[in-house]
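Notes for the one structure printed next.
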Number of protein chains: 4
Amino acid sequence: MKIAVVGLGYWGPNLVRNFLGINAVSGVIGCDKDPMRLEKIKVRFPEIETTLDYNAILKREDIEAVAVVTSVSSHYAIAKAALEAGKHCFIEKPMTATVAQAEDLINLAEKKGLKIMVDHTFIYTGAVKKMKEIIDQGRLGDIYYFDSVRVNLGLFQHDVNVIWDLAPHDISIMDFLLQKKPTSVSAVGSCHVGNGLEDIAYLTVNFDNNLIAHFHVNWIAPVKVRTTLIGGAKSMIVYDDMENSEKVKVYDKGIEVKTQEGVYETLVQYRTGDMYAPKLEQTEALTLEANHFIDCIQNDKSPLTDGISGLNVVRILEASEKSIKQNGKAVAV
Amino acid sequence: MKIAVVGLGYWGPNLVRNFLGINAVSGVIGCDKDPMRLEKIKVRFPEIETTLDYNAILKREDIEAVAVVTSVSSHYAIAKAALEAGKHCFIEKPMTATVAQAEDLINLAEKKGLKIMVDHTFIYTGAVKKMKEIIDQGRLGDIYYFDSVRVNLGLFQHDVNVIWDLAPHDISIMDFLLQKKPTSVSAVGSCHVGNGLEDIAYLTVNFDNNLIAHFHVNWIAPVKVRTTLIGGAKSMIVYDDMENSEKVKVYDKGIEVKTQEGVYETLVQYRTGDMYAPKLEQTEALTLEANHFIDCIQNDKSPLTDGISGLNVVRILEASEKSIKQNGKAVAV
Amino acid sequence: MKIAVVGLGYWGPNLVRNFLGINAVSGVIGCDKDPMRLEKIKVRFPEIETTLDYNAILKREDIEAVAVVTSVSSHYAIAKAALEAGKHCFIEKPMTATVAQAEDLINLAEKKGLKIMVDHTFIYTGAVKKMKEIIDQGRLGDIYYFDSVRVNLGLFQHDVNVIWDLAPHDISIMDFLLQKKPTSVSAVGSCHVGNGLEDIAYLTVNFDNNLIAHFHVNWIAPVKVRTTLIGGAKSMIVYDDMENSEKVKVYDKGIEVKTQEGVYETLVQYRTGDMYAPKLEQTEALTLEANHFIDCIQNDKSPLTDGISGLNVVRILEASEKSIKQNGKAVAV
Amino acid sequence: MKIAVVGLGYWGPNLVRNFLGINAVSGVIGCDKDPMRLEKIKVRFPEIETTLDYNAILKREDIEAVAVVTSVSSHYAIAKAALEAGKHCFIEKPMTATVAQAEDLINLAEKKGLKIMVDHTFIYTGAVKKMKEIIDQGRLGDIYYFDSVRVNLGLFQHDVNVIWDLAPHDISIMDFLLQKKPTSVSAVGSCHVGNGLEDIAYLTVNFDNNLIAHFHVNWIAPVKVRTTLIGGAKSMIVYDDMENSEKVKVYDKGIEVKTQEGVYETLVQYRTGDMYAPKLEQTEALTLEANHFIDCIQNDKSPLTDGISGLNVVRILEASEKSIKQNGKAVAV
């Protein structure tokens, strides 16, 4: 099978490299409106075809799948055209700019019997897979909170704010690990560099049963932080993606509540136990992900990060948009 | 002069120790309703007087000042009685349980010509004083955000939630460093251990001109984090109180915005410069603070952390209380 | 029983504080040649007796034990006098200035039926006790090396070089954990501040079976480092005393050697497994140690850090002295 | 000009990639005895020529330079043949297996008017260049010591021990920064995995004026450490290559020695000042190095890491070999 990669900016070339490394892929076609980018990709990967014309790709029968790696606002139109032309779709995160668009693509793919896979790369990392395993074993007990910080002095993306740019990583991790439906979302943020887009923002996602999730995303921080705390009744996880070798630490620390005599007094006793940092798989996530996409197409499997998981993320993003315009008022999801 | 310390739980004995070390203090009187605590303090500091009866203290003319180190809900009544009896007041943070109480104490002290000093201990640390110096020199440029995280697996306090317990530290630091009036506050939180008090919470404080402050406070985290980011147009600060020797780091990193041709494109260029960790004063903050209180009384000076700074903190706490009950709706301050 | 603490400089007052906290100790007598130090200790602990005259202590029958906390060169004479007067001895590390002195004290104590305990404080920490437990369970397999770094910008001690000052901590830990007899010692060092004493030094201790131990001690380093690596065939330990909560980390990393075809090729395959940081006991080591000393006296037990362990350390120190004068030539122990 | 890269194991392909990126290089020829490696490099870089026959390269007049990236024991023969054939030489570190070989190559190159450049990659990093600048400005004052630790659980190299494998990095950095001639070397080590080569070793290099350098190299450590301390009279450097953004920290900490009254007492007063982490150049060192080699050839310049600097490193390595066989006896350089 052959696959087209549409959009050859920062991330597209990584997909080209990974699809080229898969035996089942007999050809990669690069597509972009910018001839300079096509020239550049040709120098780096002389064996690929390139084209300025997306329609030409849609018409070719030897191309079975399209990877959409363009700006968020164009995902829907490009993916829709691909699905209508009978091609499977790999879509960069966030899947679409609106919930309605995501739902439309999911319905269309279902009708056509095609796969949608959303590029939630972190789901394929050794760290996230290990955390999923630990949580599914029930080792955390009831989960109390999910707290994520993703900040750095980073290159601005121009068509979306910092929530749409950075939070999809953490929201997709949360959705994958917790598998819970949120009830409401509130978000606040602030912008400072004159383009009207928030460059720092805080997002709260509420669930039933006192579970709370919170995300701090920030383009104007002096240091790079990528830390998630997941607190449970029996143990807790610290996931630090900046750590070289011990990204996931499990703390066997729990809280025992005892009620003393007296009406208002609550004594909380802490058990503080061992910490353990499990060995993590080292394979590049994008390699696993690219192979998984091809495997899903060829063997009619459902992708781990399918359209529904893409939609779950967009649902929270869209609600955050409404909340931020109402000064952080909680918006039902 | 003599000074009474009322409330001899966890923090009171530290005040006793520090007041005993000041030459100008000729005697310390310990007061608590619990006879066991009085016995314990006598063993540790045989030279102090103790009493179960607060009224006896109010009547004594040789006692010029009272330190109120009791639970938050009792601060107002104890401090008010002291002021009415003509005694200066040192009050544990947060100053009072409501804004109205704080205002009342400030008015009363003014009428009586007495000092109120609030125990915002961090203001007296080498780290906070150095940050104040750097900010006052204009080295950060316009300040964009103040982001603080104070989390740990800590002993619960029973009469207030985690915001009232932990956030006063960070709010008082922010108030001292930024000297800005907030416009509104929103807060969300969650409780998990059965006493109805939030054990994890997020607080956002809004200001004019896109300045935003945010506080994460948490009693149920597996690791101890005490980190504040202060982002400015010209440089940024990372303040990590868990660092042994380099608590304050100043990053000479700024953002230059240039507009490229085209309407929607904004190019952000980063200057990434040096980092510098200034030497910090090492004297114990509480020692400096206790001496400052005595100095303010004897030389009729205004305390650095006076009633107004105590009120500023309570104002934000009270607004957070209202917001948290309305699911994070912004509450004007 | 009563106990005398001889030498009230930096460390002696900590012993006074701990002995005062033991119920079985009915009195503490402080002794120093410097009247100022006696005054100072009286202010801090009004309940203790003090004396300038060590002979008075030797003559008193109510004093059962003497703690020797003076400079290294005086340990021998003071301890010997105490033993001859029938008193048990607690001796600050390093035990004596020569091997002959240590052997003499051990023989004298044995003849008199008295206890000698050497103040190797680290042996009583939660971290070292946990490492001992792990090693005794055989979890490291054959031990390959013990590598220790103890450096800082520290207060110079004036009568010994940096090896005698800092290395006893690490040598006593190694002796306790490994329980092996060294074969030879080599040491190199350098001095820079004009007193003729090495302020930076490296010490190598050789054992049979390719076990090697190495110590870096340094008074003129800009940062404080306290790290020990213990490498074994089955797993390895990193002990970092500067870590707040995870001082001991056990790495389940081992090396499997396979021989490929061909004579000279050795393929080394790495298993890289989990890391685990066990919960450590938090009680102050000196408190445990002081109690242990009293318990050994009252119940005729042998101290964990007895004269022999003190001698083992001095043996290595004395050999290092000879080696350093011969430019690092290996000196048999 | 064209350049041949001889030896296409782990490091050679990186050189191929970098030489291909230089405009002045019109062709790269890959050479190895192993046909599999040639096939592999062809897949990765289809534009290069490959050959199994080194003699063919020597005969070609269009090839101006040879990069020797083979095992240490073969460096001398391959480089000598290249020089005799009139080609400039880029030689992987360590330059040769003996001092005599290095001297022979230097003489031969001089006679022929050819360049030798040794691949001391670290010299071209932003971190080392910045440290050189700081030291050359005299900001450290007299240098007291250079202490380096380079340990990890690493892939064994089979024809040399851990000193020859890892220490050349640190020795070349020291040689470049300090520009001092050592007087003697001592080394100790130990081997554990059955191939007779030391897998852990400690190397001491002595200089005049109490300057001391020390290197800990280790293939069997559970964690990766790359830390160098450079202590000076006026300030000190900590260089941590594992740090993401602050690899070089300069501590403005100095020592002032005052002599008190009394013969034996030396009081040392510490000034502890600010720390500063300068911005470092980010360009890949090997890219700069490859360009520098071509520039030296084309413009007849002397390489920063020429044969002499290669010889300086080999001199210390050869002395370490002798010392290790005599249990660490100091060997004159």
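Identifiers in the structure tokens: chain A, B, ... in order shown; residue index from 1 per chain; ligand index from 1 in order shown.
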Inset, instruction - Would you kindly return, as a PyMOL selection string, each protein, DNA or RNA residue with an atom no farther than 7 Å from any atom of Lys115 (chain A), considering only C-alpha atoms and excluding same-chain residues fewer than 2 positions away? - result: chain A and resi 88-89+109+113+117+297
Inset, instruction - Mind checking which residues fall within 8 Å of region 192-201 of chain D, counting only C-alpha atoms, ignoring those fewer than 3 positions away in the same chain, and posting them as a PyMOL selection string? - result: (chain C and resi 144+210+257+266) or (chain D and resi 160-163+187-189+216-220)
Inset, instruction - Considering only C-alpha atoms, return as a list in words whatever protein or nucleic-acid residues lie within 7 Å of Tyr239 (chain D), sequence-local ones (same chain, fewer than 5 positions apart) excluded. - result: Thr227, Thr228, Leu229, Lys247, Val248 and Lys249 of chain D
Just the selected residues (N, CA, C and O atoms), exported as a PDB file, in the first residue's frame, please.
```pdb
ATOM      1  N   THR D 227      29.838  14.597  35.113  1.00  0.00           N
ATOM      2  CA  THR D 227      30.002  15.817  35.892  1.00  0.00           C
ATOM      3  C   THR D 227      31.468  16.154  36.088  1.00  0.00           C
ATOM      4  O   THR D 227      32.264  15.275  36.421  1.00  0.00           O
ATOM      5  N   THR D 228      31.816  17.408  35.892  1.00  0.00           N
ATOM      6  CA  THR D 228      33.172  17.880  36.120  1.00  0.00           C
ATOM      7  C   THR D 228      33.139  19.066  37.071  1.00  0.00           C
ATOM      8  O   THR D 228      32.336  19.982  36.881  1.00  0.00           O
ATOM      9  N   LEU D 229      33.978  19.020  38.098  1.00  0.00           N
ATOM     10  CA  LEU D 229      34.162  20.167  38.990  1.00  0.00           C
ATOM     11  C   LEU D 229      35.517  20.783  38.689  1.00  0.00           C
ATOM     12  O   LEU D 229      36.516  20.062  38.602  1.00  0.00           O
ATOM     13  N   LYS D 247      24.122  23.475  31.592  1.00  0.00           N
ATOM     14  CA  LYS D 247      25.247  22.548  31.679  1.00  0.00           C
ATOM     15  C   LYS D 247      26.428  23.138  32.442  1.00  0.00           C
ATOM     16  O   LYS D 247      27.171  22.422  33.080  1.00  0.00           O
ATOM     17  N   VAL D 248      26.627  24.449  32.331  1.00  0.00           N
ATOM     18  CA  VAL D 248      27.782  25.083  32.980  1.00  0.00           C
ATOM     19  C   VAL D 248      27.286  26.057  34.040  1.00  0.00           C
ATOM     20  O   VAL D 248      26.524  26.976  33.744  1.00  0.00           O
ATOM     21  N   LYS D 249      27.720  25.832  35.284  1.00  0.00           N
ATOM     22  CA  LYS D 249      27.373  26.749  36.365  1.00  0.00           C
ATOM     23  C   LYS D 249      28.655  27.287  36.977  1.00  0.00           C
ATOM     24  O   LYS D 249      29.549  26.517  37.320  1.00  0.00           O
TER      25      LYS D 249
END
```
Legend entry - Residues within 12 Å of Glu110 (chain C), only C-alpha atoms, excluding chain neighbours under 5 positions, as JSON, numbers by chain: {"C": [83, 84, 86, 88, 103, 104, 105, 115, 116, 302, 306, 307, 308]}
Same residues, N, CA and C atoms, saved as a PDB file, in the first residue's frame:
```pdb
ATOM      1  N   LEU C  83      38.831   4.903  80.858  1.00  0.00           N
ATOM      2  CA  LEU C  83      38.787   3.446  81.014  1.00  0.00           C
ATOM      3  C   LEU C  83      39.517   3.028  82.288  1.00  0.00           C
ATOM      4  N   GLU C  84      40.678   3.618  82.521  1.00  0.00           N
ATOM      5  CA  GLU C  84      41.431   3.285  83.727  1.00  0.00           C
ATOM      6  C   GLU C  84      40.653   3.627  84.991  1.00  0.00           C
ATOM      7  N   GLY C  86      37.606   3.216  85.177  1.00  0.00           N
ATOM      8  CA  GLY C  86      36.452   2.311  85.241  1.00  0.00           C
ATOM      9  C   GLY C  86      35.191   2.826  84.558  1.00  0.00           C
ATOM     10  N   HIS C  88      32.855   3.547  81.075  1.00  0.00           N
ATOM     11  CA  HIS C  88      32.612   3.215  79.675  1.00  0.00           C
ATOM     12  C   HIS C  88      32.907   4.433  78.797  1.00  0.00           C
ATOM     13  N   GLU C 103      44.175  -0.017  69.271  1.00  0.00           N
ATOM     14  CA  GLU C 103      44.359  -1.375  69.807  1.00  0.00           C
ATOM     15  C   GLU C 103      44.541  -1.336  71.326  1.00  0.00           C
ATOM     16  N   ASP C 104      45.304  -0.361  71.800  1.00  0.00           N
ATOM     17  CA  ASP C 104      45.543  -0.235  73.236  1.00  0.00           C
ATOM     18  C   ASP C 104      44.238  -0.015  73.999  1.00  0.00           C
ATOM     19  N   LEU C 105      43.387   0.871  73.470  1.00  0.00           N
ATOM     20  CA  LEU C 105      42.102   1.143  74.136  1.00  0.00           C
ATOM     21  C   LEU C 105      41.207  -0.094  74.147  1.00  0.00           C
ATOM     22  N   LYS C 115      32.731  -0.964  78.046  1.00  0.00           N
ATOM     23  CA  LYS C 115      32.324  -0.785  76.649  1.00  0.00           C
ATOM     24  C   LYS C 115      33.068   0.373  75.999  1.00  0.00           C
ATOM     25  N   ILE C 116      33.442   0.168  74.735  1.00  0.00           N
ATOM     26  CA  ILE C 116      33.846   1.293  73.880  1.00  0.00           C
ATOM     27  C   ILE C 116      32.839   1.368  72.743  1.00  0.00           C
ATOM     28  N   SER C 302      27.096  -5.759  73.100  1.00  0.00           N
ATOM     29  CA  SER C 302      28.215  -5.229  72.328  1.00  0.00           C
ATOM     30  C   SER C 302      27.713  -4.160  71.361  1.00  0.00           C
ATOM     31  N   ASP C 306      31.525  -0.767  67.683  1.00  0.00           N
ATOM     32  CA  ASP C 306      32.408  -0.965  68.831  1.00  0.00           C
ATOM     33  C   ASP C 306      33.848  -0.555  68.507  1.00  0.00           C
ATOM     34  N   GLY C 307      34.759  -0.850  69.412  1.00  0.00           N
ATOM     35  CA  GLY C 307      36.152  -0.474  69.211  1.00  0.00           C
ATOM     36  C   GLY C 307      36.737  -1.067  67.939  1.00  0.00           C
ATOM     37  N   ILE C 308      36.332  -2.284  67.603  1.00  0.00           N
ATOM     38  CA  ILE C 308      36.865  -2.934  66.398  1.00  0.00           C
ATOM     39  C   ILE C 308      36.484  -2.147  65.143  1.00  0.00           C
TER      40      ILE C 308
END
```
Inset, instruction - Considering only C-alpha atoms, return as a VMD selection string whatever protein or nucleic-acid residues lie within 9 Å of region 274-285 of chain A, sequence-local ones (same chain, fewer than 4 positions apart) excluded. - result: (chain A and resid 121 to 127 129 to 130 245 to 253 289 to 290) or (chain C and resid 246 272 to 280)
Take the residues that were just selected and, keeping C-alpha atoms, output them as a PDB file, in the first residue's frame.
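File produced: again-v4.pdb:
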```
ATOM      1  CA  THR A 121       1.486  10.191  20.080  1.00  0.00           C
ATOM      2  CA  PHE A 122       1.957  10.025  23.853  1.00  0.00           C
ATOM      3  CA  ILE A 123      -0.483   7.094  24.088  1.00  0.00           C
ATOM      4  CA  TYR A 124       2.189   5.004  22.341  1.00  0.00           C
ATOM      5  CA  THR A 125       5.036   5.873  24.725  1.00  0.00           C
ATOM      6  CA  GLY A 126       6.405   3.350  27.183  1.00  0.00           C
ATOM      7  CA  ALA A 127       5.567   5.720  30.047  1.00  0.00           C
ATOM      8  CA  LYS A 129       1.451   2.395  28.465  1.00  0.00           C
ATOM      9  CA  LYS A 130       3.041   1.470  31.799  1.00  0.00           C
ATOM     10  CA  SER A 245      15.439   7.307  32.859  1.00  0.00           C
ATOM     11  CA  GLU A 246      12.784   7.384  35.547  1.00  0.00           C
ATOM     12  CA  LYS A 247       9.800   9.028  33.922  1.00  0.00           C
ATOM     13  CA  VAL A 248       7.179   7.153  35.952  1.00  0.00           C
ATOM     14  CA  LYS A 249       7.354   6.913  39.733  1.00  0.00           C
ATOM     15  CA  VAL A 250       4.735   5.094  41.755  1.00  0.00           C
ATOM     16  CA  TYR A 251       4.434   6.165  45.376  1.00  0.00           C
ATOM     17  CA  ASP A 252       2.920   3.695  47.710  1.00  0.00           C
ATOM     18  CA  LYS A 253       1.489   6.449  49.853  1.00  0.00           C
ATOM     19  CA  GLU A 289       2.020   4.440  16.085  1.00  0.00           C
ATOM     20  CA  ALA A 290       2.773   4.398  12.339  1.00  0.00           C
TER      21      ALA A 290
ATOM     22  CA  GLU C 246      14.521   9.079  48.287  1.00  0.00           C
ATOM     23  CA  THR C 272      17.870  -2.902  32.723  1.00  0.00           C
ATOM     24  CA  GLY C 273      15.093  -3.348  35.178  1.00  0.00           C
ATOM     25  CA  ASP C 274      13.052  -1.432  37.657  1.00  0.00           C
ATOM     26  CA  MET C 275      14.286   1.039  40.232  1.00  0.00           C
ATOM     27  CA  TYR C 276      12.932   1.023  43.736  1.00  0.00           C
ATOM     28  CA  ALA C 277      13.345   3.508  46.582  1.00  0.00           C
ATOM     29  CA  PRO C 278      12.418   1.871  49.868  1.00  0.00           C
ATOM     30  CA  LYS C 279      10.791   3.749  52.709  1.00  0.00           C
ATOM     31  CA  LEU C 280      13.401   4.672  55.323  1.00  0.00           C
TER      32      LEU C 280
END
```
Inset, instruction - Select from region 97-261 of chain A everything DSSP, run on the backbone, classes as alpha helix (DSSP H), then give the selection as number ranges by chain. - result: A: 99-112, 126-136, 162-178
Convert the current residue selection to file output with C-alpha atoms, as a PDB file, in the first residue's frame.
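Resulting contents of again_30.pdb:
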```
ATOM      1  CA  VAL A  99     -17.064  18.787  17.901  1.00  0.00           C
ATOM      2  CA  ALA A 100     -19.478  18.824  14.969  1.00  0.00           C
ATOM      3  CA  GLN A 101     -16.616  18.313  12.520  1.00  0.00           C
ATOM      4  CA  ALA A 102     -15.226  15.395  14.507  1.00  0.00           C
ATOM      5  CA  GLU A 103     -18.630  13.734  14.710  1.00  0.00           C
ATOM      6  CA  ASP A 104     -19.137  14.207  10.985  1.00  0.00           C
ATOM      7  CA  LEU A 105     -15.815  12.549  10.149  1.00  0.00           C
ATOM      8  CA  ILE A 106     -16.531   9.622  12.487  1.00  0.00           C
ATOM      9  CA  ASN A 107     -19.929   9.040  10.866  1.00  0.00           C
ATOM     10  CA  LEU A 108     -18.501   9.294   7.378  1.00  0.00           C
ATOM     11  CA  ALA A 109     -15.695   6.846   8.145  1.00  0.00           C
ATOM     12  CA  GLU A 110     -18.135   4.382   9.632  1.00  0.00           C
ATOM     13  CA  LYS A 111     -20.418   4.580   6.610  1.00  0.00           C
ATOM     14  CA  LYS A 112     -17.488   4.052   4.267  1.00  0.00           C
ATOM     15  CA  GLY A 126       6.405   3.350  27.183  1.00  0.00           C
ATOM     16  CA  ALA A 127       5.567   5.720  30.047  1.00  0.00           C
ATOM     17  CA  VAL A 128       1.859   6.080  29.262  1.00  0.00           C
ATOM     18  CA  LYS A 129       1.451   2.395  28.465  1.00  0.00           C
ATOM     19  CA  LYS A 130       3.041   1.470  31.799  1.00  0.00           C
ATOM     20  CA  MET A 131       0.777   3.893  33.697  1.00  0.00           C
ATOM     21  CA  LYS A 132      -2.260   2.398  31.943  1.00  0.00           C
ATOM     22  CA  GLU A 133      -1.169  -1.055  33.056  1.00  0.00           C
ATOM     23  CA  ILE A 134      -0.703   0.081  36.665  1.00  0.00           C
ATOM     24  CA  ILE A 135      -4.051   1.870  36.784  1.00  0.00           C
ATOM     25  CA  ASP A 136      -5.915  -1.008  35.139  1.00  0.00           C
ATOM     26  CA  VAL A 162      -1.975  27.522  23.933  1.00  0.00           C
ATOM     27  CA  ILE A 163      -4.795  25.220  25.069  1.00  0.00           C
ATOM     28  CA  TRP A 164      -5.434  23.911  21.551  1.00  0.00           C
ATOM     29  CA  ASP A 165      -1.697  23.608  20.963  1.00  0.00           C
ATOM     30  CA  LEU A 166      -0.412  21.936  24.138  1.00  0.00           C
ATOM     31  CA  ALA A 167      -3.357  20.539  26.113  1.00  0.00           C
ATOM     32  CA  PRO A 168      -4.393  17.842  23.584  1.00  0.00           C
ATOM     33  CA  HIS A 169      -1.323  15.860  24.685  1.00  0.00           C
ATOM     34  CA  ASP A 170      -2.388  15.815  28.311  1.00  0.00           C
ATOM     35  CA  ILE A 171      -6.131  15.522  27.698  1.00  0.00           C
ATOM     36  CA  SER A 172      -5.557  12.502  25.464  1.00  0.00           C
ATOM     37  CA  ILE A 173      -3.360  10.917  28.158  1.00  0.00           C
ATOM     38  CA  MET A 174      -6.031  11.567  30.777  1.00  0.00           C
ATOM     39  CA  ASP A 175      -8.813  10.214  28.542  1.00  0.00           C
ATOM     40  CA  PHE A 176      -6.780   7.077  27.854  1.00  0.00           C
ATOM     41  CA  LEU A 177      -5.763   6.466  31.482  1.00  0.00           C
ATOM     42  CA  LEU A 178      -8.993   7.315  33.292  1.00  0.00           C
TER      43      LEU A 178
END
```
Inset, instruction - Find the residues in chain B near chain C: any atom within 12 Å counts, using only C-alpha atoms. Write them as number ranges by chain. - result: B: 17, 20-21, 43-47, 152, 222-225, 242-246
Inset, instruction - Do a neighbour search on region 29-31 of chain C at 12 Å with only C-alpha atoms, toss out local chain neighbours closer than 5 positions, and write the hits as a ChimeraX atom specification. - result: /C:1-9,12-17,19-20,36-42,44-58,60,62-70,78
Inset, instruction - Find the spatial neighbours of Lys180 (chain A), counting only C-alpha atoms, within a cut-off of 12 Å - ignore same-chain residues fewer than 5 positions away - and output them as number ranges by chain. - result: A: 143, 146, 171-175, 205-209, 211-213, 309, 312
Write out the residues from the selection above, keeping N, CA and C atoms, as an mmCIF file, in the first residue's frame.
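Ended up saving to again38.cif:
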```cif
data_model
loop_
_atom_site.group_PDB
_atom_site.id
_atom_site.type_symbol
_atom_site.label_atom_id
_atom_site.label_comp_id
_atom_site.auth_asym_id
_atom_site.auth_seq_id
_atom_site.Cartn_x
_atom_site.Cartn_y
_atom_site.Cartn_z
ATOM 1 N N ILE A 143 -9.415 7.036 41.996
ATOM 2 C CA ILE A 143 -8.556 8.140 41.578
ATOM 3 C C ILE A 143 -9.186 9.465 41.988
ATOM 4 N N PHE A 146 -6.103 14.363 38.652
ATOM 5 C CA PHE A 146 -5.141 14.265 37.555
ATOM 6 C C PHE A 146 -4.662 15.692 37.337
ATOM 7 N N ILE A 171 -4.731 15.968 27.669
ATOM 8 C CA ILE A 171 -6.131 15.522 27.698
ATOM 9 C C ILE A 171 -6.234 14.120 27.118
ATOM 10 N N SER A 172 -5.476 13.851 26.048
ATOM 11 C CA SER A 172 -5.557 12.502 25.464
ATOM 12 C C SER A 172 -4.972 11.467 26.431
ATOM 13 N N ILE A 173 -3.923 11.835 27.149
ATOM 14 C CA ILE A 173 -3.360 10.917 28.158
ATOM 15 C C ILE A 173 -4.397 10.646 29.253
ATOM 16 N N MET A 174 -5.016 11.723 29.732
ATOM 17 C CA MET A 174 -6.031 11.567 30.777
ATOM 18 C C MET A 174 -7.191 10.700 30.297
ATOM 19 N N ASP A 175 -7.684 10.977 29.087
ATOM 20 C CA ASP A 175 -8.813 10.214 28.542
ATOM 21 C C ASP A 175 -8.456 8.733 28.454
ATOM 22 N N VAL A 205 -11.181 20.203 34.476
ATOM 23 C CA VAL A 205 -12.192 19.290 33.955
ATOM 24 C C VAL A 205 -12.804 18.554 35.152
ATOM 25 N N ASN A 206 -14.111 18.661 35.268
ATOM 26 C CA ASN A 206 -14.804 18.051 36.409
ATOM 27 C C ASN A 206 -15.453 16.726 36.016
ATOM 28 N N PHE A 207 -15.469 15.815 36.964
ATOM 29 C CA PHE A 207 -16.081 14.505 36.771
ATOM 30 C C PHE A 207 -17.006 14.239 37.957
ATOM 31 N N ASP A 208 -17.763 13.162 37.873
ATOM 32 C CA ASP A 208 -18.539 12.743 39.037
ATOM 33 C C ASP A 208 -17.592 12.227 40.124
ATOM 34 N N ASN A 209 -18.132 12.071 41.315
ATOM 35 C CA ASN A 209 -17.397 11.437 42.418
ATOM 36 C C ASN A 209 -16.131 12.163 42.848
ATOM 37 N N LEU A 211 -13.746 13.424 41.390
ATOM 38 C CA LEU A 211 -12.542 13.378 40.554
ATOM 39 C C LEU A 211 -12.401 14.736 39.871
ATOM 40 N N ILE A 212 -11.179 15.282 39.902
ATOM 41 C CA ILE A 212 -10.938 16.582 39.284
ATOM 42 C C ILE A 212 -9.654 16.494 38.456
ATOM 43 N N ALA A 213 -9.682 17.121 37.275
ATOM 44 C CA ALA A 213 -8.473 17.168 36.450
ATOM 45 C C ALA A 213 -8.139 18.619 36.173
ATOM 46 N N SER A 309 -11.638 8.835 20.448
ATOM 47 C CA SER A 309 -10.696 9.460 21.386
ATOM 48 C C SER A 309 -10.326 10.857 20.893
ATOM 49 N N ASN A 312 -13.270 12.988 21.952
ATOM 50 C CA ASN A 312 -13.256 13.262 23.399
ATOM 51 C C ASN A 312 -12.373 14.465 23.724
#
```
Inset, instruction - Calculate how many Å separate CA of Ser184 (chain B) from CA of Val313 (chain B), rounding to one decimal. - result: 13.1 Å
Inset, instruction - Any chance you could list, as an MDAnalysis selection string, the residues in region 72-275 of chain D that come up strand (DSSP E or B) when DSSP is run on the backbone? - result: chainID D and resid 88:92 116:119 143:153 184:190 200:206 212:218 220:232 236:240 248:259 266:275
Legend entry - Length of the CA of Asp300 (chain C) to CA of Gln137 (chain C) vector [Å]: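 Interatomic distance here is 28.2 Å.
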